[in-house]
>>> print(open('protein-v3.txt').read())   # compact mmCIF, C-alpha atoms and all ligand atoms
# COMPACT_ATOMS: atom_id res chain seq x y z
CA MET A 1 38.54 109.28 89.38
CA LYS A 2 41.78 108.02 90.87
CA ILE A 3 42.41 109.98 94.04
CA VAL A 4 45.38 108.25 95.70
CA GLY A 5 45.26 109.93 99.10
CA LEU A 6 46.24 113.05 101.00
CA ASP A 7 49.19 115.00 99.62
CA SER A 8 49.30 117.88 102.06
CA LEU A 9 47.43 119.63 104.87
CA ILE A 10 47.81 123.40 105.15
CA PHE A 11 47.39 125.06 108.55
CA GLY A 12 47.47 128.69 109.68
CA VAL A 13 49.05 129.04 113.14
CA ASP A 14 49.71 131.87 115.59
CA ASP A 15 53.14 130.56 116.64
CA VAL A 16 55.11 129.48 113.57
CA PRO A 17 58.42 128.73 115.37
CA GLY A 18 56.64 126.68 118.05
CA ALA A 19 54.62 124.71 115.51
CA ALA A 20 57.73 124.16 113.38
CA ARG A 21 59.66 122.74 116.31
CA PHE A 22 56.68 120.53 117.17
CA LEU A 23 56.63 119.05 113.65
CA VAL A 24 60.38 118.45 113.58
CA ASP A 25 60.17 116.73 116.98
CA TYR A 26 57.30 114.62 115.58
CA GLY A 27 59.79 113.44 112.94
CA LEU A 28 58.96 115.43 109.81
CA THR A 29 61.70 116.98 107.68
CA PRO A 30 61.61 120.79 107.26
CA VAL A 31 61.86 121.94 103.64
CA ASP A 32 61.95 125.63 102.67
CA VAL A 33 61.05 126.74 106.20
CA SER A 34 61.40 130.33 107.42
CA GLU A 35 59.88 132.51 110.14
CA ALA A 36 56.83 132.78 107.88
CA GLY A 37 56.28 129.02 107.76
CA GLY A 38 57.10 126.23 105.36
CA ARG A 39 56.71 122.58 104.46
CA PHE A 40 57.38 119.56 106.66
CA GLU A 41 57.75 116.34 104.71
CA ALA A 42 57.33 112.65 105.35
CA MET A 43 59.56 110.16 103.53
CA ASP A 44 57.32 109.97 100.46
CA GLY A 45 57.05 113.75 100.00
CA THR A 46 53.57 114.12 101.50
CA SER A 47 53.58 116.98 103.96
CA LEU A 48 52.17 119.41 106.44
CA ILE A 49 52.44 123.07 105.45
CA ILE A 50 52.22 125.82 108.06
CA THR A 51 52.00 129.55 107.65
CA ARG A 52 51.01 132.49 109.83
CA ASP A 53 47.27 132.50 110.41
CA ASP A 54 47.01 136.12 109.19
CA ASP A 55 48.70 135.35 105.86
CA PRO A 56 46.28 136.82 103.27
CA ARG A 57 47.15 134.05 100.77
CA LEU A 58 45.49 131.43 102.98
CA PRO A 59 41.98 130.29 102.07
CA PRO A 60 39.39 130.85 104.82
CA PRO A 61 38.83 128.13 107.45
CA PRO A 62 35.61 126.07 107.27
CA ALA A 63 34.51 127.55 110.62
CA PRO A 64 35.89 130.02 113.18
CA GLY A 65 38.64 128.51 115.31
CA CYS A 66 39.61 125.80 112.81
CA ARG A 67 43.26 126.12 111.86
CA LEU A 68 43.10 123.80 108.84
CA ARG A 69 42.89 125.98 105.74
CA LYS A 70 43.17 123.45 102.96
CA THR A 71 43.32 119.72 102.32
CA MET A 72 45.36 118.87 99.24
CA MET A 73 44.64 115.47 97.70
CA GLY A 74 46.86 113.70 95.21
CA VAL A 75 45.46 112.12 92.05
CA ALA A 76 47.08 109.52 89.80
CA ASP A 77 47.54 111.56 86.63
CA SER A 78 46.38 114.64 84.72
CA ALA A 79 43.38 112.78 83.28
CA ALA A 80 42.18 112.15 86.83
CA LEU A 81 42.77 115.81 87.67
CA GLN A 82 40.65 116.89 84.71
CA ALA A 83 37.94 114.43 85.71
CA VAL A 84 37.77 115.85 89.25
CA ALA A 85 37.65 119.41 87.88
CA ALA A 86 34.88 118.57 85.42
CA GLU A 87 32.81 116.85 88.11
CA LEU A 88 33.11 119.71 90.61
CA ARG A 89 32.45 122.41 87.99
CA ARG A 90 28.96 121.00 87.58
CA ASP A 91 27.82 122.89 90.65
CA ARG A 92 30.67 124.93 92.15
CA GLU A 93 33.63 127.13 91.37
CA VAL A 94 36.89 125.34 90.63
CA ARG A 95 40.00 127.53 90.49
CA ALA A 96 43.04 126.51 88.45
CA LEU A 97 46.15 127.61 90.37
CA PRO A 98 49.53 128.55 88.84
CA ASP A 99 51.19 125.43 90.29
CA GLY A 100 48.92 123.20 88.18
CA SER A 101 46.62 122.22 91.02
CA ILE A 102 42.92 122.97 91.29
CA GLU A 103 41.03 124.31 94.30
CA SER A 104 37.41 124.14 95.34
CA VAL A 105 35.31 123.57 98.43
CA ASP A 106 33.49 120.49 99.75
CA ASP A 107 29.92 120.37 101.06
CA SER A 108 31.09 121.03 104.64
CA ASN A 109 32.98 124.21 103.72
CA PHE A 110 36.47 122.66 103.84
CA VAL A 111 38.72 124.03 101.09
CA ILE A 112 40.01 121.12 99.02
CA GLY A 113 42.77 121.01 96.43
CA PHE A 114 43.84 118.39 93.93
CA ARG A 115 47.06 117.88 92.04
CA VAL A 116 48.93 115.05 90.37
CA THR A 117 50.37 113.43 93.44
CA VAL A 118 53.82 114.38 94.71
CA ARG A 119 54.21 111.00 96.41
CA ARG A 120 57.67 109.57 95.72
CA PRO A 121 57.80 105.78 95.64
CA PHE A 122 60.35 104.36 98.04
CA VAL A 123 61.26 100.92 99.33
CA LEU A 124 62.05 100.46 103.00
CA PRO A 125 61.06 97.37 104.93
CA GLY A 126 58.40 97.77 107.57
CA GLU A 127 58.48 96.12 110.96
CA MET A 128 58.71 92.33 110.70
CA PHE A 129 57.99 89.69 113.31
CA ASN A 130 59.41 86.33 114.33
CA ALA A 131 56.25 84.35 115.04
CA PRO A 132 56.52 80.59 115.46
CA GLY A 133 54.66 78.99 112.58
CA GLY A 134 54.75 82.16 110.54
CA VAL A 135 55.78 82.32 106.90
CA VAL A 136 57.48 85.72 106.86
CA PHE A 137 60.27 86.37 109.34
CA ARG A 138 62.72 89.06 110.29
CA PRO A 139 66.01 87.84 108.82
CA VAL A 140 68.37 85.88 111.06
CA ASN A 141 70.77 88.17 112.95
CA SER A 142 68.70 91.26 112.25
CA LEU A 143 67.51 93.05 115.39
CA GLY A 144 63.97 93.94 116.35
CA VAL A 145 64.86 97.13 118.18
CA PRO A 146 66.67 99.86 116.27
CA PRO A 147 69.83 101.10 118.02
CA PRO A 148 69.26 104.04 120.40
CA GLY A 149 69.31 107.37 118.63
CA THR A 150 68.16 105.94 115.30
CA ALA A 151 66.10 108.54 113.47
CA ILE A 152 62.41 107.65 113.27
CA ARG A 153 60.57 109.35 110.45
CA PRO A 154 56.92 109.32 109.41
CA ARG A 155 56.57 107.58 106.07
CA SER A 156 53.41 109.03 104.58
CA LEU A 157 50.51 111.37 105.33
CA SER A 158 47.79 108.98 106.40
CA HIS A 159 44.38 110.48 107.14
CA VAL A 160 42.38 113.46 108.35
CA VAL A 161 39.25 113.46 110.50
CA TYR A 162 36.67 116.19 110.02
CA PHE A 163 33.93 117.26 112.42
CA VAL A 164 31.08 118.06 110.03
CA PRO A 165 27.67 119.62 110.78
CA ASP A 166 25.76 117.33 108.38
CA VAL A 167 27.45 113.96 108.14
CA LEU A 168 25.09 112.46 105.53
CA LYS A 169 25.62 115.42 103.21
CA ALA A 170 29.37 115.31 103.82
CA GLU A 171 29.57 111.59 103.07
CA ALA A 172 27.45 111.94 99.92
CA PHE A 173 29.89 114.51 98.54
CA TYR A 174 32.95 112.27 98.92
CA VAL A 175 31.17 109.10 97.75
CA ASN A 176 28.97 110.41 94.94
CA ARG A 177 31.13 113.22 93.62
CA LEU A 178 34.69 112.05 94.28
CA GLY A 179 34.36 108.26 94.10
CA PHE A 180 35.29 107.42 97.70
CA ARG A 181 34.11 104.12 99.27
CA CYS A 182 32.83 103.63 102.80
CA THR A 183 34.96 100.86 104.36
CA ASP A 184 33.40 100.84 107.84
CA ARG A 185 31.03 102.99 109.83
CA PHE A 186 30.30 104.03 113.40
CA THR A 187 26.51 104.20 113.58
CA ALA A 188 25.23 107.76 113.97
CA THR A 189 28.82 109.02 114.17
CA GLY A 190 30.11 108.70 110.63
CA PRO A 191 31.92 106.77 107.89
CA PHE A 192 35.52 105.81 107.24
CA LEU A 193 36.20 106.69 103.61
CA GLN A 194 38.73 105.36 101.13
CA PRO A 195 39.47 106.97 97.76
CA ALA A 196 39.52 104.79 94.64
CA GLY A 197 43.29 104.93 94.21
CA SER A 198 44.20 103.73 97.72
CA LEU A 199 43.92 100.48 99.65
CA ASP A 200 44.25 102.18 103.07
CA HIS A 201 41.27 101.53 105.32
CA HIS A 202 40.64 105.26 105.33
CA THR A 203 42.15 108.57 104.33
CA HIS A 204 39.11 110.46 105.64
CA PHE A 205 36.87 109.85 108.64
CA LEU A 206 33.81 112.06 109.05
CA ILE A 207 32.23 112.71 112.44
CA GLY A 208 28.84 114.41 112.74
CA ALA A 209 29.13 117.15 115.35
CA PRO A 210 27.39 120.32 116.56
CA PRO A 211 28.24 123.57 114.72
CA GLN A 212 30.63 124.84 117.39
CA MET A 213 32.85 121.78 116.80
CA HIS A 214 32.99 122.17 113.02
CA GLY A 215 36.65 121.60 112.11
CA VAL A 216 39.24 118.89 112.55
CA GLU A 217 39.51 116.16 115.20
CA HIS A 218 42.94 114.91 114.11
CA PHE A 219 45.33 114.05 111.33
CA THR A 220 48.21 111.57 111.24
CA PHE A 221 51.15 110.09 109.41
CA HIS A 222 51.99 106.40 109.00
CA PHE A 223 55.08 105.04 110.75
CA GLY A 224 56.97 101.84 109.89
CA GLY A 225 55.46 99.67 112.62
CA PRO A 226 54.31 99.61 116.24
CA SER A 227 57.84 99.63 117.69
CA GLU A 228 58.74 102.73 115.69
CA MET A 229 55.48 104.43 116.56
CA ILE A 230 55.73 103.75 120.29
CA ALA A 231 59.43 104.64 120.45
CA ASN A 232 58.72 107.89 118.62
CA GLY A 233 55.77 108.64 120.92
CA CYS A 234 57.94 108.06 124.01
CA ARG A 235 60.57 110.45 122.69
CA PHE A 236 57.82 112.97 121.99
CA VAL A 237 56.50 112.74 125.57
CA GLU A 238 60.02 113.03 126.97
CA LYS A 239 60.40 116.28 125.02
CA GLY A 240 57.41 117.68 126.92
CA TYR A 241 54.53 117.08 124.49
CA GLN A 242 51.15 116.12 125.87
CA ALA A 243 49.66 112.69 125.09
CA PHE A 244 45.86 112.59 124.87
CA TRP A 245 44.90 108.98 124.05
CA GLY A 246 47.03 105.91 123.59
CA PRO A 247 49.13 104.13 122.71
CA GLY A 248 46.62 101.51 121.65
CA ARG A 249 45.25 99.63 118.69
CA HIS A 250 42.01 100.45 116.91
CA ILE A 251 39.54 97.81 115.75
CA LEU A 252 38.16 99.44 112.59
CA GLY A 253 41.26 99.83 110.42
CA SER A 254 43.18 98.04 113.21
CA ASN A 255 45.97 100.62 113.15
CA TRP A 256 48.14 101.29 116.17
CA PHE A 257 47.48 104.81 117.45
CA TRP A 258 48.83 107.44 119.80
CA TYR A 259 47.15 110.86 119.92
CA PHE A 260 48.74 114.08 121.14
CA ASN A 261 47.55 117.63 121.67
CA SER A 262 48.96 120.00 119.07
CA PRO A 263 49.33 123.70 118.25
CA PHE A 264 46.85 123.13 115.38
CA ALA A 265 43.65 123.29 117.49
CA CYS A 266 43.22 119.54 116.96
CA HIS A 267 45.00 116.31 117.75
CA ILE A 268 47.90 114.87 115.86
CA GLU A 269 48.22 111.09 115.82
CA MET A 270 51.06 108.69 115.13
CA ASP A 271 49.80 105.54 113.42
CA ALA A 272 51.15 102.25 112.10
CA ASP A 273 49.97 99.09 110.40
CA MET A 274 46.58 100.09 109.05
CA ASP A 275 44.41 97.47 107.30
CA LEU A 276 44.25 97.48 103.53
CA HIS A 277 40.99 96.80 101.73
CA ASP A 278 39.88 96.56 98.12
CA ALA A 279 36.49 96.86 96.45
CA SER A 280 35.53 93.32 97.53
CA TRP A 281 35.51 94.40 101.21
CA THR A 282 32.10 94.50 102.91
CA PRO A 283 31.83 97.50 105.27
CA ARG A 284 31.16 96.75 108.92
CA GLU A 285 29.08 98.86 111.26
CA ALA A 286 29.50 99.36 114.99
CA THR A 287 28.26 101.73 117.66
CA LEU A 288 31.09 103.94 118.88
CA SER A 289 32.19 103.09 122.41
CA ALA A 290 35.38 102.46 124.38
CA ASP A 291 35.06 98.77 123.53
CA THR A 292 34.52 99.23 119.81
CA SER A 293 37.16 101.89 119.21
CA GLN A 294 40.17 99.99 120.55
CA THR A 295 41.16 96.38 121.03
CA PHE A 296 43.50 97.51 123.80
CA LEU A 297 44.69 100.78 125.32
CA LEU A 298 48.04 101.18 127.06
CA LYS A 299 49.22 103.87 129.42
CA MET A 300 52.74 105.18 129.42
CA ARG A 301 54.83 105.03 132.58
CA LYS A 302 58.28 106.33 133.26
CA LYS A 303 61.06 103.91 132.32
CA TRP A 304 61.87 101.56 135.18
CA THR A 305 63.96 98.49 135.82
CA PRO A 306 64.49 96.27 138.85
CA GLY A 307 68.01 96.40 140.21
CA PRO A 308 70.58 98.41 142.16
CA GLY A 309 69.79 102.06 142.69
CA ILE A 310 66.09 101.56 142.03
CA HIS A 311 63.58 102.04 144.84
CA GLU A 312 62.53 98.61 146.10
CA ASN A 313 58.99 99.28 144.90
CA GLY A 314 60.22 100.80 141.68
CA ASP A 315 57.80 103.19 140.08
CA TYR A 316 55.05 101.90 142.38
CA ALA A 317 56.60 103.74 145.34
CA MET B 1 56.59 115.16 131.93
CA ALA B 2 55.41 117.06 135.00
CA THR B 3 56.63 119.72 137.38
CA THR B 4 56.63 118.24 140.87
CA PRO B 5 56.59 120.25 144.09
CA ASP B 6 59.71 120.94 146.12
CA VAL B 7 58.25 121.83 149.54
CA THR B 8 55.11 120.83 151.45
CA VAL B 9 54.02 122.50 154.71
CA ALA B 10 50.83 122.35 156.74
CA GLY B 11 48.46 121.48 153.89
CA LEU B 12 50.14 123.69 151.33
CA VAL B 13 52.45 122.76 148.46
CA ARG B 14 54.97 125.29 147.19
CA LEU B 15 54.84 125.66 143.41
CA CYS B 16 57.46 128.26 142.51
CA ARG B 17 58.33 131.91 143.05
CA ALA B 18 55.36 134.01 141.93
CA ASP B 19 57.57 136.25 139.79
CA GLU B 20 58.73 133.26 137.75
CA ILE B 21 55.42 133.45 135.86
CA GLY B 22 55.45 136.57 133.71
CA GLU B 23 52.54 138.46 132.18
CA GLY B 24 50.75 136.38 129.54
CA ARG B 25 52.65 133.24 130.56
CA SER B 26 51.50 129.93 132.05
CA ARG B 27 53.07 127.05 133.89
CA GLY B 28 51.85 123.57 134.78
CA PHE B 29 52.35 121.82 138.12
CA ASP B 30 51.88 118.37 139.60
CA PRO B 31 51.35 119.12 143.31
CA HIS B 32 50.03 115.64 144.07
CA GLU B 33 52.83 113.86 142.21
CA THR B 34 50.58 112.00 139.78
CA GLY B 35 53.21 112.03 137.03
CA GLU B 36 51.28 114.60 134.97
CA ASP B 37 50.59 118.27 135.55
CA THR B 38 47.13 118.48 137.12
CA ILE B 39 46.94 122.27 137.54
CA PHE B 40 48.30 125.32 135.79
CA VAL B 41 48.87 128.89 136.85
CA LEU B 42 48.86 131.90 134.57
CA ARG B 43 49.33 135.63 134.92
CA SER B 44 46.88 137.89 133.11
CA GLY B 45 46.36 141.62 133.73
CA GLY B 46 48.98 141.30 136.45
CA VAL B 47 46.90 138.73 138.38
CA LEU B 48 47.98 135.14 138.99
CA ARG B 49 45.22 132.52 138.77
CA GLY B 50 45.23 128.76 139.12
CA TRP B 51 43.11 126.36 137.08
CA ARG B 52 42.67 122.63 136.93
CA ASN B 53 44.31 121.10 133.82
CA ALA B 54 40.98 119.53 132.86
CA CYS B 55 38.97 120.58 129.82
CA PRO B 56 35.18 120.70 130.29
CA HIS B 57 34.71 119.42 126.72
CA VAL B 58 36.07 115.90 127.22
CA ASP B 59 35.83 115.37 130.95
CA GLY B 60 39.21 116.07 132.49
CA ALA B 61 41.22 116.09 129.26
CA PRO B 62 44.71 117.63 129.51
CA MET B 63 44.92 120.95 127.74
CA ALA B 64 48.51 122.00 126.94
CA TRP B 65 50.21 121.07 123.67
CA ARG B 66 53.62 121.19 125.28
CA ARG B 67 54.75 121.42 128.87
CA ASP B 68 53.51 124.80 130.25
CA ALA B 69 51.85 125.78 126.92
CA TYR B 70 48.26 126.55 127.99
CA LEU B 71 47.84 129.90 126.23
CA ASN B 72 47.59 131.23 122.71
CA ALA B 73 50.66 132.90 121.21
CA ASP B 74 49.88 136.40 122.52
CA GLY B 75 48.84 135.14 125.96
CA THR B 76 45.30 136.51 125.81
CA ARG B 77 43.31 133.23 125.87
CA ILE B 78 43.62 129.87 127.59
CA VAL B 79 43.44 127.22 124.87
CA CYS B 80 42.65 123.53 125.09
CA HIS B 81 44.95 122.12 122.44
CA ALA B 82 42.85 118.98 122.05
CA HIS B 83 40.11 120.62 119.92
CA GLY B 84 40.93 124.30 120.19
CA ALA B 85 38.47 125.48 122.87
CA GLU B 86 39.35 129.02 124.00
CA PHE B 87 38.74 130.32 127.53
CA LEU B 88 38.94 133.80 129.05
CA PRO B 89 41.95 133.92 131.37
CA ASP B 90 40.16 135.80 134.17
CA SER B 91 36.85 133.87 134.37
CA GLY B 92 37.81 130.54 132.76
CA THR B 93 34.71 130.72 130.56
CA CYS B 94 34.85 129.02 127.17
CA VAL B 95 34.12 131.58 124.45
CA GLN B 96 35.11 129.60 121.34
CA GLY B 97 35.01 125.94 120.42
CA PRO B 98 33.24 122.77 121.51
CA CYS B 99 32.32 123.73 125.09
CA ILE B 100 31.13 127.34 124.72
CA GLY B 101 29.69 128.65 128.00
CA LYS B 102 31.32 126.01 130.19
CA ARG B 103 34.00 126.96 132.67
CA LEU B 104 37.35 125.69 133.84
CA THR B 105 37.65 124.77 137.50
CA ALA B 106 39.50 127.35 139.56
CA VAL B 107 42.26 126.26 141.94
CA PRO B 108 42.90 128.55 144.96
CA ILE B 109 46.49 129.71 145.18
CA VAL B 110 48.25 131.96 147.68
CA ILE B 111 51.39 134.08 147.56
CA ASP B 112 53.29 134.40 150.82
CA ARG B 113 55.22 137.40 152.11
CA CYS B 114 58.41 136.07 150.55
CA GLY B 115 56.79 136.00 147.11
CA ASP B 116 56.41 132.22 146.95
CA LEU B 117 53.36 130.68 145.27
CA TRP B 118 51.46 127.92 147.08
CA VAL B 119 48.47 125.70 146.40
CA MET B 120 46.31 123.80 148.88
CA GLU B 121 47.37 120.18 149.16
CA LYS B 122 44.33 117.90 148.79
S1 LIG C 1 39.02 118.22 125.03
FE1 LIG C 1 39.34 120.36 125.21
S2 LIG C 1 38.52 121.16 123.39
FE2 LIG C 1 38.07 119.05 123.27
>>> encode(input="protein-v3.txt", output="structure tokens")
Amino acid sequence: MKIVGLDSLIFGVDDVPGAARFLVDYGLTPVDVSEAGGRFEAMDGTSLIITRDDDPRLPPPPAPGCRLRKTMMGVADSAALQAVAAELRRDREVRALPDGSIESVDDSNFVIGFRVTVRRPFVLPGEMFNAPGGVVFRPVNSLGVPPPGTAIRPRSLSHVVYFVPDVLKAEAFYVNRLGFRCTDRFTATGPFLQPAGSLDHHTHFLIGAPPQMHGVEHFTFHFGGPSEMIANGCRFVEKGYQAFWGPGRHILGSNWFWYFNSPFACHIEMDADMDLHDASWTPREATLSADTSQTFLLKMRKKWTPGPGIHENGDYA
Amino acid sequence: MATTPDVTVAGLVRLCRADEIGEGRSRGFDPHETGEDTIFVLRSGGVLRGWRNACPHVDGAPMAWRRDAYLNADGTRIVCHAHGAEFLPDSGTCVQGPCIGKRLTAVPIVIDRCGDLWVMEK
């Protein structure tokens, strides 16, 4: 059952123009966007879709207050799509939609869709490093910092994190019914899950939570490397958006992270350089804490330099 | 990133003119010059109220999604845009989301005879 990852997340919002501007400032490309909503794409065609929260075409949220209405997953081919449909039809309704996708619901009440993936292959180097003794280097005379003003764009929809009321039941659905693997786990919190058609450390992370939290903690797109991610996050902050946690680097998955508040009733993250694992990987387990969730955590300060015109104590004044 | 004060007198910090905050609108301030807005003021039912920019769900978490954006689109609820908690604008009580029943911390504000809005400096 080759699920290759997330293709799209669909949100209902009360302020479409505000959310649209937020997504463009994050770096996504608007496609077919109007006052009623539209699609915001990463470089590979994966996307976020927003529409007014009272649009009657939207599926219901998993719980009151959750703005995520549907998680669309991409599968490798039509045989995989048929396999998912056949598996889910064993015990629940599966609707075939006019666009060729199928729609159902998971065991935590999240509406899920599947289609042959829209991901467009593309080749664009990621961030490279000049490390003494290394074997792969940034080419001679190529620069580590992109020129000011260079567009920074998310490359691919990365992962979504659900707050679920019954984490064992939720995990069993994705593992036993959809062929996901647990790559790592926070004890008594929940598993990081990887679908069979992806090497990413996780496309889903499930967190057991009380009923009033049922919904989404965050979602994120991959960027081309830590420099891109941090530069993009700084631009985001300078535009007035509110950072919540980061920048830093996780331990499980080891991706760089920076979390922001969003108009989607959850966080949005920027991430880069996530670990890849295959079926030979042995899952680790840790107890969630400040020390196990990040190898380091940085705090942004205003830009500063020593020199003329700068207060003698700089930003410490 | 933050809105810093322009005048300080006798234990008070001036925030803005009171009429700069319209009905159903909010605005963040950084009266202690921390670099981030630590309080916000909103007008609801014609009344201005000040609250600490600190969600009771994750102790002290900042709540806006964008500078000054502390409310839902129609201005009827305070929203923490970290996990979507919704608070009543007059009592600061959470009525939806992860911290139901908990309350925001009120910040005393005063309006002087000239119509300027002030907060206690502490
Ligand atoms: S930190 Fe405010 S709702 Fe979670």
>>> residues_near_ligand(input="protein-v3.txt", ligand="ligand LIG 1 (chain C)", cutoff="8 Å", atoms="all atoms listed in the file", output="list in words")
Ala54, Cys55, Pro56, His57, Val58, Asp59, Gly60, Ala61, Pro62, Met63, Val79, Cys80, His81, Ala82, His83, Gly84, Ala85, Glu86, Gly97, Pro98 and Cys99 of chain B
>>> residues_near_point(input="protein-v3.txt", point="(44.9, 123.9, 135.2)", cutoff="9 Å", atoms="only C-alpha atoms", output="VMD selection string")
chain B and resid 27 to 29 37 to 42 50 to 55 62 to 63 70 104 to 107
>>> closest_atom_pairs(input="protein-v3.txt", of="chain A", to="chain B", cutoff="7 Å", atoms="all atoms listed in the file", output="CSV")
residue,atom,partner,partner_atom,distance
A:Asp14,CA,B:Ala73,CA,5.8
A:Asp15,CA,B:Ala73,CA,5.7
A:Gly65,CA,B:Gly97,CA,6.8
A:Gln212,CA,B:Pro98,CA,5.3
A:Met213,CA,B:Pro98,CA,4.8
A:Glu217,CA,B:His83,CA,6.5
A:Val237,CA,B:Met1,CA,6.8
A:Glu238,CA,B:Met1,CA,6.4
A:Gly240,CA,B:Arg67,CA,5.0
A:Tyr241,CA,B:Arg66,CA,4.3
A:Gln242,CA,B:Trp65,CA,5.5
A:Phe244,CA,B:Pro62,CA,6.9
A:Asn261,CA,B:Trp65,CA,4.8
A:Ser262,CA,B:Trp65,CA,4.9
A:Pro263,CA,B:Trp65,CA,6.1
A:Ala265,CA,B:Gly84,CA,4.0
A:Cys266,CA,B:His83,CA,4.4
A:His267,CA,B:Ala82,CA,5.5
>>> residues_around(input="protein-v3.txt", residues="B:Gly115", least_positions_apart="6", cutoff="9 Å", atoms="all atoms listed in the file", output="PyMOL selection string")
chain B and resi 17-19
>>> atom_distance(input="protein-v3.txt", atom1="atom CA of A:His218", atom2="atom CA of A:Ile268")
5.3 Å
>>> axis_aligned_box(input="protein-v3.txt", around="stretch 13-28 of chain B", padding_each_side="4 Å", output="lines of an AutoDock Vina configuration file")
center_x = 54.7
center_y = 130.6
center_z = 139.0
size_x = 16.0
size_y = 23.7
size_z = 26.9
>>> closest_residue(input="protein-v3.txt", among="A:Gly27, A:Gly134, A:Gly208, A:Gly12", to="A:Met270", atoms="only C-alpha atoms")
A:Gly27
>>> residues_around(input="protein-v3.txt", residues="A:Gly190", least_positions_apart="6", cutoff="10 Å", atoms="all atoms listed in the file", output="ChimeraX atom specification")
/A:162-164,166-168,170-171,182,184,205-209,285,288
